Amino acid sequence: MQKPEVCCMPTEEIENASLPVGWKSYRSPEGRKYYVNPSTKETTWERPSTSTTISKATGSHRHSVNGRQSLGASGHVPEHQDVSLRKTNISNQSPGSTSPARRQNKEEIKETKITINCVTFPVPMSTPEQQLLKPSEWSYCDYFWADKRDPQGATVPGFEVLLQKQLKGKQMQKEMAEFIRERIKIEEEYAKNLSKLSMFPMAAQEEGTLGEAWAQVKKSLADEAEVHLKFSSKLQSEVEKPFLTFRGDNFKKDMKKYDHHIADLRKQLVSRYAAVEKARKALADRQKDLEVKTQQLEIKLSNKTEEDIKKARRKSTQAGDDLMRCVDLYNQAQSKWFEEMVTTSLELERLEVERVEMIQQHLRQYTTLRHETDMFNQSTLEPVDQLLQSVDPAKDRELWVKEHKTGDLRPVDMDI
């Protein structure tokens, strides 16, 4: 809260003598009289009385940011904008003119924000719980704002984790394609061996209905080989190729663009935060200088003139303005980074959904082809089953006898 500035020489000694012990009167830049107790750091517009001192002794504090009489230059309590950094609060009013009482009360304000790796977060349990951007969806845009440590102890930004997920997904997709390629090789080799086996002349001399069934068994191997060749061909065109061509060489380039874009915004945020810290230090130095000069003037330990005090106050106020400007630029940079993080993380989320659905679709196609292969293989066995059912040992014997008989006259007894 804005406190009256110590800008004028103390009032006459007679007036100070009539005040309670420890109190002194001053005039604000607007000429309004106010009262300060340097020992207790109290500041008030009302003329203190003995009862005030007694009240203070019994615990009725009159600090400028807590008491009913704590007013700004316009006679009312000024509103504040909370833009805390590194566990501090910055007022809408320039912090350059902070009085001792105001600094004391600033230290008593509960910290609600903390800056980690140049990003400002609310302190847990100090503010109402943030509403997720996409509740119940476990969205990327809600869970990757903080940095993490890798096994080597290096800092990894949350966005880098999302990028690594994308690159890992690309690698998994490539390995799936390699797996399908191995399956294709097996199918091709299997088909080749089946075809070769079907041409072996083994048991080619089998005759009759059994010979026909055996010949169909051998032919079914050739048919099955053809089925597996077609299966391997479809695996190559309908599963392996889509895995290989989905998001080609440009994908990694696109990921690098995202990475560089977010990294540049983060670097700008780091730079803005460094400027805030530099401005904060400069303000602290100016405030300390102003306080020392003011105290020296009050106890008459220095010949500094009122102009020296005003000059120190102007520098302090300017330092406060510089800090507020740096905080504003920091907040703008963080806001831009926030917006791009949300937009880009949602895009990466969309890309991941797209990748998973693509793989799901083509693995379903794989199972469909596999079922079709089983059906075609089954169809190659149907003629074998039919011929096996027709195998008739009696028929085979008849056919064989007719072809190979040597005579149907049986031997008889010899006559004497």
# chains A, B, ... in the order shown; residues from 1 in each chain; ligands from 1
>>> residues_around(residues="stretch 384-398 of chain A", least_positions_apart="5", cutoff="12 Å", atoms="only C-alpha atoms", output="ChimeraX atom specification")
/A:206-221,223,377-379,403-405
>>> residues_around(residues="A:Lys230", least_positions_apart="6", cutoff="10 Å", atoms="only C-alpha atoms", output="JSON list (two decimals) with all heavy atoms, in the first residue's frame")
[["chain", "number", "residue", "atom", "x", "y", "z"],
["A", 187, "GLU", "N", 7.24, -65.28, -44.37],
["A", 187, "GLU", "CA", 6.16, -65.73, -45.25],
["A", 187, "GLU", "C", 6.71, -66.09, -46.63],
["A", 187, "GLU", "O", 6.32, -67.10, -47.23],
["A", 187, "GLU", "CB", 5.09, -64.64, -45.38],
["A", 187, "GLU", "CG", 4.29, -64.41, -44.12],
["A", 187, "GLU", "CD", 3.43, -65.61, -43.75],
["A", 187, "GLU", "OE1", 2.97, -66.33, -44.66],
["A", 187, "GLU", "OE2", 3.22, -65.84, -42.55],
["A", 188, "GLU", "N", 7.60, -65.26, -47.14],
["A", 188, "GLU", "CA", 8.17, -65.52, -48.47],
["A", 188, "GLU", "C", 9.02, -66.80, -48.45],
["A", 188, "GLU", "O", 8.94, -67.61, -49.39],
["A", 188, "GLU", "CB", 9.02, -64.33, -48.90],
["A", 188, "GLU", "CG", 8.21, -63.09, -49.21],
["A", 188, "GLU", "CD", 9.07, -61.88, -49.53],
["A", 188, "GLU", "OE1", 10.27, -61.90, -49.17],
["A", 188, "GLU", "OE2", 8.55, -60.92, -50.12],
["A", 191, "ALA", "N", 6.65, -69.75, -48.17],
["A", 191, "ALA", "CA", 6.01, -70.03, -49.46],
["A", 191, "ALA", "C", 6.98, -70.71, -50.42],
["A", 191, "ALA", "O", 6.61, -71.65, -51.14],
["A", 191, "ALA", "CB", 5.49, -68.73, -50.06],
["A", 224, "GLU", "N", -1.10, -73.48, -51.05],
["A", 224, "GLU", "CA", -0.83, -72.77, -49.80],
["A", 224, "GLU", "C", 0.35, -71.81, -49.96],
["A", 224, "GLU", "O", 0.37, -70.70, -49.41],
["A", 224, "GLU", "CB", -0.55, -73.77, -48.68],
["A", 224, "GLU", "CG", -0.41, -73.12, -47.31],
["A", 224, "GLU", "CD", -0.18, -74.14, -46.22],
["A", 224, "GLU", "OE1", -0.24, -75.34, -46.49],
["A", 224, "GLU", "OE2", 0.08, -73.70, -45.07],
["A", 236, "GLN", "N", 3.27, -56.17, -47.17],
["A", 236, "GLN", "CA", 4.22, -55.14, -47.60],
["A", 236, "GLN", "C", 3.50, -53.86, -48.02],
["A", 236, "GLN", "O", 3.89, -52.75, -47.63],
["A", 236, "GLN", "CB", 5.08, -55.68, -48.75],
["A", 236, "GLN", "CG", 6.28, -54.82, -49.09],
["A", 236, "GLN", "CD", 5.94, -53.65, -49.99],
["A", 236, "GLN", "OE1", 5.03, -53.76, -50.83],
["A", 236, "GLN", "NE2", 6.64, -52.54, -49.83],
["A", 369, "LEU", "N", -5.89, -59.55, -42.82],
["A", 369, "LEU", "CA", -5.14, -60.33, -43.80],
["A", 369, "LEU", "C", -4.80, -61.71, -43.25],
["A", 369, "LEU", "O", -4.82, -62.72, -43.98],
["A", 369, "LEU", "CB", -3.87, -59.59, -44.19],
["A", 369, "LEU", "CG", -4.06, -58.28, -44.96],
["A", 369, "LEU", "CD1", -2.71, -57.59, -45.17],
["A", 369, "LEU", "CD2", -4.72, -58.55, -46.31],
["A", 373, "THR", "N", -5.84, -65.21, -44.80],
["A", 373, "THR", "CA", -4.85, -66.24, -45.11],
["A", 373, "THR", "C", -5.29, -67.59, -44.55],
["A", 373, "THR", "O", -5.17, -68.63, -45.23],
["A", 373, "THR", "CB", -3.48, -65.85, -44.55],
["A", 373, "THR", "OG1", -3.07, -64.61, -45.13],
["A", 373, "THR", "CG2", -2.43, -66.92, -44.85]]
>>> atom_distance(atom1="atom CA of A:Ser345", atom2="atom CA of A:Met176")
25.3 Å
>>> closest_residue(among="A:Phe144, A:Phe231, A:Phe243, A:Trp23", to="A:Glu357", atoms="only C-alpha atoms")
A:Phe243
>>> select_by_dssp(residues="stretch 146-208 of chain A", states="strand (DSSP E or B)", output="number ranges by chain")
A: 148-149, 155-156
>>> residues_around(residues="A:Met125", least_positions_apart="3", cutoff="12 Å", atoms="only C-alpha atoms", output="PyMOL selection string")
chain A and resi 110-113+121-122+128-130
